[in-house]
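Note sheet for the following structure.
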Amino acid sequence: MIRQMSDVPVNPATPPCAELHLHIEGTLEPDLVFALAERNGVDLPDPDVGALRSRYAFTDLQSFLDLYYENMAVLRTPADFAEMTRAYLTRARAAGVRHAEIMFDPQAHLARGVPLAATVEGIAFVLRTSEAEFGISTGLIAAFLRDRPAREALEVLEDLLAMDAPIIGIGLDSAEVGNPPSGFTAVYDRARRAGLHLVAHAGEEGPPSYIAGALDDLGVERIDHGIRCLDDPALVTRLAAEQIPLTVCPLSNVRLRAVASLAAHPLRQLLEAGVMVTINSDDPAYFGGYVDDNLHAIREVHKLTDDELAALAANSFRASFLDTGRRDALLAEVEVWRGAAR
Ligand code: HPA
Ligand SMILES: [Zn+2]
């Protein structure tokens with residue numbers, strides 16, 4: 001049954017926005033981990049949700065990835081992926097998200113014996129009606145794991161293309177340091193030939209040279225994270241000049257200790273340098289909040305004005321892969337929000 005969009009309260013304190021850096025597996029909330037474990041007869045190492053939650057104190061990217069991959073064990077059937085996706089869209093609607101470009105990690109599921117079709121069908125089934133049901137247009141991005149062989153990524157990409165999976169692009173994620181973009185040129189060349197959009201995580205924990213590598217070796221259109229560009233002033237100048245979008249995730253950066261605190265987050269520096277920044281939640285079930293929580297947190301700590309929040313929201317639509325008609329309509333909604341916020 002199609003739910004009425006107006007039934008869902010939307011947070012008026014934050015502008016309508018696009019979420020461009022979101023791992024659907026990172027929306028798997030602890031309650032849903034337990035519900036799916038029960039349904040699928042999966043044994044969990046923790047006795048209850050509280051015990052699981054106590055393990056969400058991360059020290060770096062890898063300490064998070066270990067738990068992120070462990071929790072995925074409960075995702076077995078298309079219905080599981082559909083339920084997770086539906087829960088995200090419900091929460092994203094309340095956060096004011098009007099467009100979402102959603103990553104998933106096909107190899108993480110294949111490695112556990114879950115067929116590619118089960119993963120893709122479960123997620124895509126819900127995305128198909130998202131705009132009508134939640135007011136959120138969507139695009140699906142297959143993210144490849146940079147700590148697994150590029151040859152495997154290429155095989156999975158071929159399989160996705162052969163099954164005509166409804167993906168708009170590819171990405172690159174997982175453990176960054178020691179896994180530079182240059183190893184994945186063949187995968188990105190293939191995706192480009194297939195007409196797909198190209199993004200990659202770079203400069204989260206890795207050096208600025210990985211950001212340059214993602215641009216020059218892989219030809220990406222957008223950088224996920226990218227905050228370590230600030231270690232290389234010439235790169236910052238380039239990102240600003242070319243208006244390469246960075247999908248920044250403040251709460252993620254704090255939780256994974258990429259930055260010491262929210263107050264120390266370089267968001268303002270990036271904006272002042274003229275870099276095209278967007279705000280995103282990354283893995284909201286793990287990092288303490290959805291995109292509205294991220295916007296609230298940075299607004300409070302960095303004293304952002306409503307005009308600055310609106311500018312970030314406008315960036316999110318401009319940096320998206322939306323067609324111009326819907327993009328312009330959503331940019332107009334930001335202007336309406338800005339007017340109402342005055
Ligand atoms: O923040 C992240 N970084 C790298 N890989 C990931 N996979 C899920 N989230 C992340
Ligand atoms: Zn990410």
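Chain labels A, B, ... are given in the sequence in which chains occur in the structure tokens; within each chain residues are numbered consecutively from 1, and ligands are likewise numbered from 1 in the order shown.
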
Which chains and residue numbers are within 7 Å of ligand 2, counting only C-alpha atoms and all ligand atoms, if I want them as an MDAnalysis selection string? chainID A and resid 21:23 173 201 224 282:283

Just the helix (DSSP H, G or I) stuff from region 288-335 of chain A, please, per backbone DSSP, written as a VMD selection string. chain A and resid 291 to 302 306 to 318 324 to 335

Any residue with an atom at most 9 Å from ligand 1 counts, using only C-alpha atoms and all ligand atoms. Which are they? Put them as a PDB file with N, CA and C atoms, in the first residue's frame.
```pdb
ATOM      1  N   HIS A  21      26.124  10.531   0.066  1.00  0.00           N
ATOM      2  CA  HIS A  21      27.117   9.608   0.620  1.00  0.00           C
ATOM      3  C   HIS A  21      26.455   8.814   1.734  1.00  0.00           C
ATOM      4  N   LEU A  22      25.930   7.673   1.335  1.00  0.00           N
ATOM      5  CA  LEU A  22      25.125   6.869   2.255  1.00  0.00           C
ATOM      6  C   LEU A  22      25.315   5.406   1.864  1.00  0.00           C
ATOM      7  N   HIS A  23      25.807   4.612   2.814  1.00  0.00           N
ATOM      8  CA  HIS A  23      25.940   3.169   2.583  1.00  0.00           C
ATOM      9  C   HIS A  23      24.679   2.516   3.148  1.00  0.00           C
ATOM     10  N   ILE A  24      23.918   1.849   2.317  1.00  0.00           N
ATOM     11  CA  ILE A  24      22.649   1.321   2.819  1.00  0.00           C
ATOM     12  C   ILE A  24      22.895   0.319   3.960  1.00  0.00           C
ATOM     13  N   GLU A  25      23.987  -0.417   3.886  1.00  0.00           N
ATOM     14  CA  GLU A  25      24.296  -1.356   4.981  1.00  0.00           C
ATOM     15  C   GLU A  25      24.630  -0.607   6.274  1.00  0.00           C
ATOM     16  N   GLY A  26      25.027   0.650   6.144  1.00  0.00           N
ATOM     17  CA  GLY A  26      25.333   1.475   7.308  1.00  0.00           C
ATOM     18  C   GLY A  26      24.102   2.082   7.945  1.00  0.00           C
ATOM     19  N   LEU A  61      38.858   3.806  11.073  1.00  0.00           N
ATOM     20  CA  LEU A  61      37.987   3.232  10.044  1.00  0.00           C
ATOM     21  C   LEU A  61      37.895   1.708  10.177  1.00  0.00           C
ATOM     22  N   GLN A  62      39.033   1.047  10.358  1.00  0.00           N
ATOM     23  CA  GLN A  62      39.019  -0.418  10.382  1.00  0.00           C
ATOM     24  C   GLN A  62      38.186  -0.962  11.544  1.00  0.00           C
ATOM     25  N   PHE A  64      35.583   0.262  12.817  1.00  0.00           N
ATOM     26  CA  PHE A  64      34.178   0.350  12.388  1.00  0.00           C
ATOM     27  C   PHE A  64      33.871  -0.725  11.346  1.00  0.00           C
ATOM     28  N   LEU A  65      34.737  -0.846  10.341  1.00  0.00           N
ATOM     29  CA  LEU A  65      34.470  -1.799   9.253  1.00  0.00           C
ATOM     30  C   LEU A  65      34.303  -3.213   9.808  1.00  0.00           C
ATOM     31  N   TYR A  68      30.786  -3.381  11.069  1.00  0.00           N
ATOM     32  CA  TYR A  68      29.889  -3.167   9.906  1.00  0.00           C
ATOM     33  C   TYR A  68      29.747  -4.470   9.106  1.00  0.00           C
ATOM     34  N   TYR A  69      30.866  -5.126   8.829  1.00  0.00           N
ATOM     35  CA  TYR A  69      30.799  -6.388   8.069  1.00  0.00           C
ATOM     36  C   TYR A  69      30.213  -7.515   8.934  1.00  0.00           C
ATOM     37  N   MET A 103      24.726   3.976  -1.850  1.00  0.00           N
ATOM     38  CA  MET A 103      25.726   2.938  -2.145  1.00  0.00           C
ATOM     39  C   MET A 103      25.356   1.614  -1.484  1.00  0.00           C
ATOM     40  N   PHE A 104      25.739   0.539  -2.144  1.00  0.00           N
ATOM     41  CA  PHE A 104      25.694  -0.779  -1.504  1.00  0.00           C
ATOM     42  C   PHE A 104      26.975  -1.512  -1.858  1.00  0.00           C
ATOM     43  N   ASP A 105      27.314  -2.525  -1.048  1.00  0.00           N
ATOM     44  CA  ASP A 105      28.580  -3.260  -1.160  1.00  0.00           C
ATOM     45  C   ASP A 105      28.318  -4.690  -1.645  1.00  0.00           C
ATOM     46  N   ALA A 143      29.278  -0.002  -4.830  1.00  0.00           N
ATOM     47  CA  ALA A 143      30.600   0.369  -4.308  1.00  0.00           C
ATOM     48  C   ALA A 143      31.473  -0.881  -4.234  1.00  0.00           C
ATOM     49  N   LEU A 145      34.986  -2.928  -3.016  1.00  0.00           N
ATOM     50  CA  LEU A 145      35.820  -2.947  -1.813  1.00  0.00           C
ATOM     51  C   LEU A 145      37.285  -2.878  -2.226  1.00  0.00           C
ATOM     52  N   ARG A 146      37.942  -1.792  -1.837  1.00  0.00           N
ATOM     53  CA  ARG A 146      39.321  -1.548  -2.286  1.00  0.00           C
ATOM     54  C   ARG A 146      40.323  -2.453  -1.592  1.00  0.00           C
ATOM     55  N   LEU A 172      33.956   3.367  -4.611  1.00  0.00           N
ATOM     56  CA  LEU A 172      35.076   2.594  -4.068  1.00  0.00           C
ATOM     57  C   LEU A 172      35.135   2.888  -2.581  1.00  0.00           C
ATOM     58  N   ASP A 173      35.058   1.837  -1.743  1.00  0.00           N
ATOM     59  CA  ASP A 173      35.066   2.088  -0.302  1.00  0.00           C
ATOM     60  C   ASP A 173      35.866   1.009   0.424  1.00  0.00           C
ATOM     61  N   SER A 174      35.665   0.907   1.735  1.00  0.00           N
ATOM     62  CA  SER A 174      36.391   0.011   2.641  1.00  0.00           C
ATOM     63  C   SER A 174      37.781   0.570   2.976  1.00  0.00           C
ATOM     64  N   ALA A 175      38.676  -0.295   3.479  1.00  0.00           N
ATOM     65  CA  ALA A 175      39.935   0.179   4.090  1.00  0.00           C
ATOM     66  C   ALA A 175      40.794   0.947   3.083  1.00  0.00           C
ATOM     67  N   GLU A 176      41.044   2.223   3.374  1.00  0.00           N
ATOM     68  CA  GLU A 176      41.649   3.098   2.359  1.00  0.00           C
ATOM     69  C   GLU A 176      43.175   3.037   2.316  1.00  0.00           C
ATOM     70  N   HIS A 201      35.565   6.931  -2.571  1.00  0.00           N
ATOM     71  CA  HIS A 201      36.074   7.435  -1.302  1.00  0.00           C
ATOM     72  C   HIS A 201      37.555   7.776  -1.493  1.00  0.00           C
ATOM     73  N   ALA A 202      37.949   8.921  -0.995  1.00  0.00           N
ATOM     74  CA  ALA A 202      39.376   9.272  -1.025  1.00  0.00           C
ATOM     75  C   ALA A 202      39.630  10.388  -0.022  1.00  0.00           C
ATOM     76  N   GLU A 204      39.799  10.151   3.257  1.00  0.00           N
ATOM     77  CA  GLU A 204      39.120  10.005   4.557  1.00  0.00           C
ATOM     78  C   GLU A 204      40.220   9.772   5.595  1.00  0.00           C
ATOM     79  N   GLU A 205      40.935   8.669   5.450  1.00  0.00           N
ATOM     80  CA  GLU A 205      42.143   8.425   6.245  1.00  0.00           C
ATOM     81  C   GLU A 205      43.383   8.508   5.351  1.00  0.00           C
ATOM     82  N   ASP A 224      34.107  11.097  -2.276  1.00  0.00           N
ATOM     83  CA  ASP A 224      33.473  10.803  -0.988  1.00  0.00           C
ATOM     84  C   ASP A 224      34.489  11.068   0.133  1.00  0.00           C
ATOM     85  N   HIS A 225      34.089  11.901   1.081  1.00  0.00           N
ATOM     86  CA  HIS A 225      34.940  12.431   2.169  1.00  0.00           C
ATOM     87  C   HIS A 225      35.852  13.531   1.606  1.00  0.00           C
ATOM     88  N   CYS A 249      31.094  14.047   5.673  1.00  0.00           N
ATOM     89  CA  CYS A 249      30.261  13.358   6.672  1.00  0.00           C
ATOM     90  C   CYS A 249      30.787  13.691   8.062  1.00  0.00           C
ATOM     91  N   SER A 252      30.534  11.093  11.048  1.00  0.00           N
ATOM     92  CA  SER A 252      31.401   9.962  10.707  1.00  0.00           C
ATOM     93  C   SER A 252      32.858  10.308  10.990  1.00  0.00           C
ATOM     94  N   ASN A 253      33.282  11.488  10.565  1.00  0.00           N
ATOM     95  CA  ASN A 253      34.682  11.903  10.745  1.00  0.00           C
ATOM     96  C   ASN A 253      35.064  11.947  12.222  1.00  0.00           C
ATOM     97  N   LEU A 256      35.052   8.185  13.668  1.00  0.00           N
ATOM     98  CA  LEU A 256      36.180   7.370  13.187  1.00  0.00           C
ATOM     99  C   LEU A 256      37.514   8.074  13.418  1.00  0.00           C
ATOM    100  N   ASP A 282      26.772   9.040   5.769  1.00  0.00           N
ATOM    101  CA  ASP A 282      27.710   7.922   5.628  1.00  0.00           C
ATOM    102  C   ASP A 282      27.088   6.597   6.119  1.00  0.00           C
ATOM    103  N   ASP A 283      27.182   6.347   7.424  1.00  0.00           N
ATOM    104  CA  ASP A 283      26.619   5.114   8.023  1.00  0.00           C
ATOM    105  C   ASP A 283      25.851   5.518   9.272  1.00  0.00           C
TER     106      ASP A 283
END
```

Filtered DSSP result for region 17-129 of chain A, state strand (DSSP E or B), as a PyMOL selection string: chain A and resi 17-23+97-104

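Ranking A:Arg299, A:Ile244, A:Pro250, A:Phe125 by their shortest atom-to-atom distance to Val275 (chain A), with only C-alpha atoms included, puts A:Ile244 first.
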
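Taking CA of Ser130 (chain A) as the reference point, CA of Ala191 (chain A) is found at 25.3 Å.
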
Long-range neighbours of region 321-336 of chain A as number ranges by chain, 8 Å cut-off, only C-alpha atoms, 6 positions minimum in chain: A: 15-17, 98, 197, 310, 313-314

Next, write the just-selected residues to a file, as a short mmCIF file (atom, residue, chain, number, x, y, z; two decimals), in the first residue's frame, keeping N, CA and C atoms as the atom set.
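As written to disk, out.cif reads:
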```cif
data_model
loop_
_atom_site.label_atom_id
_atom_site.label_comp_id
_atom_site.auth_asym_id
_atom_site.auth_seq_id
_atom_site.Cartn_x
_atom_site.Cartn_y
_atom_site.Cartn_z
N PRO A 15 17.00 22.21 5.87
CA PRO A 15 16.45 22.39 4.52
C PRO A 15 16.26 21.06 3.80
N PRO A 16 15.42 21.06 2.76
CA PRO A 16 15.36 19.88 1.90
C PRO A 16 16.74 19.68 1.27
N CYS A 17 17.17 18.42 1.15
CA CYS A 17 18.53 18.20 0.64
C CYS A 17 18.61 16.85 -0.08
N ARG A 98 15.24 14.70 -0.11
CA ARG A 98 14.35 14.63 -1.27
C ARG A 98 14.95 13.84 -2.42
N HIS A 197 28.00 6.70 -13.82
CA HIS A 197 28.67 7.76 -13.07
C HIS A 197 29.77 7.15 -12.20
N ALA A 310 21.27 26.57 3.75
CA ALA A 310 20.60 26.50 2.44
C ALA A 310 21.62 26.34 1.32
N ALA A 313 22.63 22.77 1.21
CA ALA A 313 21.56 21.97 0.60
C ALA A 313 21.54 22.15 -0.91
N ALA A 314 21.72 23.39 -1.36
CA ALA A 314 21.75 23.65 -2.81
C ALA A 314 22.93 22.91 -3.44
#
```

Please identify all polymer residues within 10 Å of region 209-218 of chain A, counting only C-alpha atoms, omitting same-chain residues fewer than 5 positions from it, and present them as a ChimeraX atom specification. /A:172,176-189,192,198-204,223-229,231-232,235,238-239,244

Would you write out those residues with N, CA and C atoms, as a JSON list (two decimals), in the first residue's frame?
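selection34.json was written with the following content:
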```json
[["chain", "number", "residue", "atom", "x", "y", "z"],
["A", 172, "LEU", "N", 33.96, 3.37, -4.61],
["A", 172, "LEU", "CA", 35.08, 2.59, -4.07],
["A", 172, "LEU", "C", 35.13, 2.89, -2.58],
["A", 176, "GLU", "N", 41.04, 2.22, 3.37],
["A", 176, "GLU", "CA", 41.65, 3.10, 2.36],
["A", 176, "GLU", "C", 43.17, 3.04, 2.32],
["A", 177, "VAL", "N", 43.81, 3.17, 3.49],
["A", 177, "VAL", "CA", 45.28, 3.32, 3.50],
["A", 177, "VAL", "C", 45.93, 2.04, 2.95],
["A", 178, "GLY", "N", 46.82, 2.22, 2.01],
["A", 178, "GLY", "CA", 47.49, 1.07, 1.38],
["A", 178, "GLY", "C", 46.76, 0.53, 0.16],
["A", 179, "ASN", "N", 45.58, 1.09, -0.12],
["A", 179, "ASN", "CA", 44.79, 0.64, -1.28],
["A", 179, "ASN", "C", 44.45, 1.83, -2.17],
["A", 180, "PRO", "N", 45.44, 2.37, -2.89],
["A", 180, "PRO", "CA", 45.23, 3.59, -3.68],
["A", 180, "PRO", "C", 44.31, 3.35, -4.87],
["A", 181, "PRO", "N", 43.74, 4.43, -5.39],
["A", 181, "PRO", "CA", 42.81, 4.31, -6.52],
["A", 181, "PRO", "C", 43.44, 3.67, -7.75],
["A", 182, "SER", "N", 44.73, 3.86, -7.95],
["A", 182, "SER", "CA", 45.38, 3.43, -9.20],
["A", 182, "SER", "C", 45.17, 1.95, -9.50],
["A", 183, "GLY", "N", 44.91, 1.13, -8.47],
["A", 183, "GLY", "CA", 44.68, -0.29, -8.72],
["A", 183, "GLY", "C", 43.37, -0.60, -9.42],
["A", 184, "PHE", "N", 42.48, 0.41, -9.52],
["A", 184, "PHE", "CA", 41.11, 0.15, -9.99],
["A", 184, "PHE", "C", 40.78, 0.82, -11.33],
["A", 185, "THR", "N", 41.84, 1.18, -12.08],
["A", 185, "THR", "CA", 41.59, 1.90, -13.35],
["A", 185, "THR", "C", 40.74, 1.06, -14.31],
["A", 186, "ALA", "N", 41.00, -0.25, -14.38],
["A", 186, "ALA", "CA", 40.26, -1.09, -15.35],
["A", 186, "ALA", "C", 38.77, -1.13, -15.00],
["A", 187, "VAL", "N", 38.47, -1.15, -13.69],
["A", 187, "VAL", "CA", 37.07, -1.19, -13.25],
["A", 187, "VAL", "C", 36.36, 0.11, -13.66],
["A", 188, "TYR", "N", 37.05, 1.24, -13.41],
["A", 188, "TYR", "CA", 36.44, 2.54, -13.73],
["A", 188, "TYR", "C", 36.34, 2.75, -15.24],
["A", 189, "ASP", "N", 37.34, 2.26, -15.98],
["A", 189, "ASP", "CA", 37.26, 2.38, -17.44],
["A", 189, "ASP", "C", 36.04, 1.62, -17.98],
["A", 192, "ARG", "N", 32.86, 3.50, -17.06],
["A", 192, "ARG", "CA", 32.70, 4.69, -17.91],
["A", 192, "ARG", "C", 32.15, 4.27, -19.27],
["A", 198, "LEU", "N", 30.75, 7.99, -11.87],
["A", 198, "LEU", "CA", 31.94, 7.50, -11.15],
["A", 198, "LEU", "C", 32.19, 8.34, -9.90],
["A", 199, "VAL", "N", 32.24, 7.68, -8.75],
["A", 199, "VAL", "CA", 32.63, 8.34, -7.50],
["A", 199, "VAL", "C", 33.61, 7.41, -6.78],
["A", 200, "ALA", "N", 34.33, 7.92, -5.79],
["A", 200, "ALA", "CA", 35.21, 7.07, -4.98],
["A", 200, "ALA", "C", 35.46, 7.75, -3.64],
["A", 201, "HIS", "N", 35.57, 6.93, -2.57],
["A", 201, "HIS", "CA", 36.07, 7.43, -1.30],
["A", 201, "HIS", "C", 37.55, 7.78, -1.49],
["A", 202, "ALA", "N", 37.95, 8.92, -0.99],
["A", 202, "ALA", "CA", 39.38, 9.27, -1.02],
["A", 202, "ALA", "C", 39.63, 10.39, -0.02],
["A", 203, "GLY", "N", 40.76, 10.31, 0.66],
["A", 203, "GLY", "CA", 41.11, 11.36, 1.61],
["A", 203, "GLY", "C", 40.24, 11.35, 2.84],
["A", 204, "GLU", "N", 39.80, 10.15, 3.26],
["A", 204, "GLU", "CA", 39.12, 10.00, 4.56],
["A", 204, "GLU", "C", 40.22, 9.77, 5.59],
["A", 223, "ILE", "N", 34.09, 13.23, -5.01],
["A", 223, "ILE", "CA", 34.94, 12.55, -4.03],
["A", 223, "ILE", "C", 34.13, 12.32, -2.76],
["A", 224, "ASP", "N", 34.11, 11.10, -2.28],
["A", 224, "ASP", "CA", 33.47, 10.80, -0.99],
["A", 224, "ASP", "C", 34.49, 11.07, 0.13],
["A", 225, "HIS", "N", 34.09, 11.90, 1.08],
["A", 225, "HIS", "CA", 34.94, 12.43, 2.17],
["A", 225, "HIS", "C", 35.85, 13.53, 1.61],
["A", 226, "GLY", "N", 37.11, 13.21, 1.34],
["A", 226, "GLY", "CA", 38.01, 14.19, 0.74],
["A", 226, "GLY", "C", 38.60, 15.22, 1.69],
["A", 227, "ILE", "N", 38.29, 15.09, 3.00],
["A", 227, "ILE", "CA", 38.70, 16.17, 3.92],
["A", 227, "ILE", "C", 40.21, 16.33, 4.03],
["A", 228, "ARG", "N", 40.95, 15.26, 3.74],
["A", 228, "ARG", "CA", 42.42, 15.38, 3.87],
["A", 228, "ARG", "C", 43.04, 16.17, 2.71],
["A", 229, "CYS", "N", 42.24, 16.67, 1.80],
["A", 229, "CYS", "CA", 42.77, 17.58, 0.77],
["A", 229, "CYS", "C", 43.46, 18.76, 1.42],
["A", 231, "ASP", "N", 45.59, 18.91, 3.53],
["A", 231, "ASP", "CA", 47.04, 18.72, 3.71],
["A", 231, "ASP", "C", 47.82, 19.16, 2.48],
["A", 232, "ASP", "N", 47.12, 19.49, 1.39],
["A", 232, "ASP", "CA", 47.79, 19.86, 0.14],
["A", 232, "ASP", "C", 47.09, 21.09, -0.46],
["A", 235, "LEU", "N", 46.02, 21.16, -4.04],
["A", 235, "LEU", "CA", 44.87, 20.30, -4.34],
["A", 235, "LEU", "C", 43.56, 21.02, -3.97],
["A", 238, "ARG", "N", 42.75, 23.34, -6.65],
["A", 238, "ARG", "CA", 42.22, 22.61, -7.81],
["A", 238, "ARG", "C", 40.76, 22.20, -7.59],
["A", 239, "LEU", "N", 40.46, 21.64, -6.42],
["A", 239, "LEU", "CA", 39.08, 21.19, -6.14],
["A", 239, "LEU", "C", 38.11, 22.36, -6.24],
["A", 244, "ILE", "N", 34.85, 20.36, -7.88],
["A", 244, "ILE", "CA", 34.66, 18.93, -7.64],
["A", 244, "ILE", "C", 33.92, 18.77, -6.31]]
```

Neighbouring residues of Val301 (chain A) were defined as those with any atom within 12 Å, considering only C-alpha atoms; residues of the same chain fewer than 3 positions away were excluded. Please report them as a PyMOL selection string. chain A and resi 250-251+261-268+294-298+304-305

Selected residue, from A:Arg338, A:Arg257, A:Arg112, A:Arg128, that lies nearest to Leu312 (chain A) when counting only C-alpha atoms: A:Arg338

Contacts of Gly122 (chain A) at 7 Å or less, counting only C-alpha atoms, minus same-chain residues fewer than 4 places along, as a PyMOL selection string? chain A and resi 78-79+81-82+118

What's around Leu28 (chain A) at 9 Å? Count only C-alpha atoms, leave out sequence neighbours fewer than 6 positions away in its own chain, and write the answer as a list in words. Tyr68, Asn71, Met72, Met84, Thr85, Ala87, Tyr88, Asp283, Pro284, Ala285 and Tyr286 of chain A

N, CA and C atoms of the current selection, written as an mmCIF file, in the first residue's frame:
```
data_model
loop_
_atom_site.group_PDB
_atom_site.id
_atom_site.type_symbol
_atom_site.label_atom_id
_atom_site.label_comp_id
_atom_site.auth_asym_id
_atom_site.auth_seq_id
_atom_site.Cartn_x
_atom_site.Cartn_y
_atom_site.Cartn_z
ATOM 1 N N TYR A 68 30.786 -3.381 11.069
ATOM 2 C CA TYR A 68 29.889 -3.167 9.906
ATOM 3 C C TYR A 68 29.747 -4.470 9.106
ATOM 4 N N ASN A 71 27.906 -7.276 11.323
ATOM 5 C CA ASN A 71 26.450 -7.128 11.430
ATOM 6 C C ASN A 71 25.716 -7.527 10.152
ATOM 7 N N MET A 72 26.389 -7.412 9.018
ATOM 8 C CA MET A 72 25.755 -7.774 7.746
ATOM 9 C C MET A 72 25.359 -9.245 7.672
ATOM 10 N N MET A 84 15.508 -3.122 5.273
ATOM 11 C CA MET A 84 16.544 -2.148 5.654
ATOM 12 C C MET A 84 16.399 -0.872 4.820
ATOM 13 N N THR A 85 16.167 -1.027 3.529
ATOM 14 C CA THR A 85 16.069 0.127 2.630
ATOM 15 C C THR A 85 14.839 0.972 2.972
ATOM 16 N N ALA A 87 13.363 1.175 5.874
ATOM 17 C CA ALA A 87 13.602 1.861 7.162
ATOM 18 C C ALA A 87 14.442 3.116 6.934
ATOM 19 N N TYR A 88 15.437 3.016 6.057
ATOM 20 C CA TYR A 88 16.254 4.204 5.764
ATOM 21 C C TYR A 88 15.399 5.308 5.142
ATOM 22 N N ASP A 283 27.182 6.347 7.424
ATOM 23 C CA ASP A 283 26.619 5.114 8.023
ATOM 24 C C ASP A 283 25.851 5.518 9.272
ATOM 25 N N PRO A 284 24.638 6.081 9.094
ATOM 26 C CA PRO A 284 23.964 6.751 10.208
ATOM 27 C C PRO A 284 23.668 5.855 11.406
ATOM 28 N N ALA A 285 23.478 4.551 11.184
ATOM 29 C CA ALA A 285 23.187 3.669 12.320
ATOM 30 C C ALA A 285 24.413 3.491 13.217
ATOM 31 N N TYR A 286 25.574 3.847 12.710
ATOM 32 C CA TYR A 286 26.823 3.632 13.445
ATOM 33 C C TYR A 286 27.435 4.909 14.012
#
```

Rounded to one decimal place, report the CA of Leu140 (chain A)-CA of Thr14 (chain A) distance in Å. 24.3 Å

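Shortest atom-to-atom contact with Asp164 (chain A) among A:Ala258, A:Leu116, A:Gln107, A:Gly41: A:Leu116, counting only C-alpha atoms.
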
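Picture a line from CA of Ala124 (chain A) to CA of Val220 (chain A); it runs 23.9 Å.
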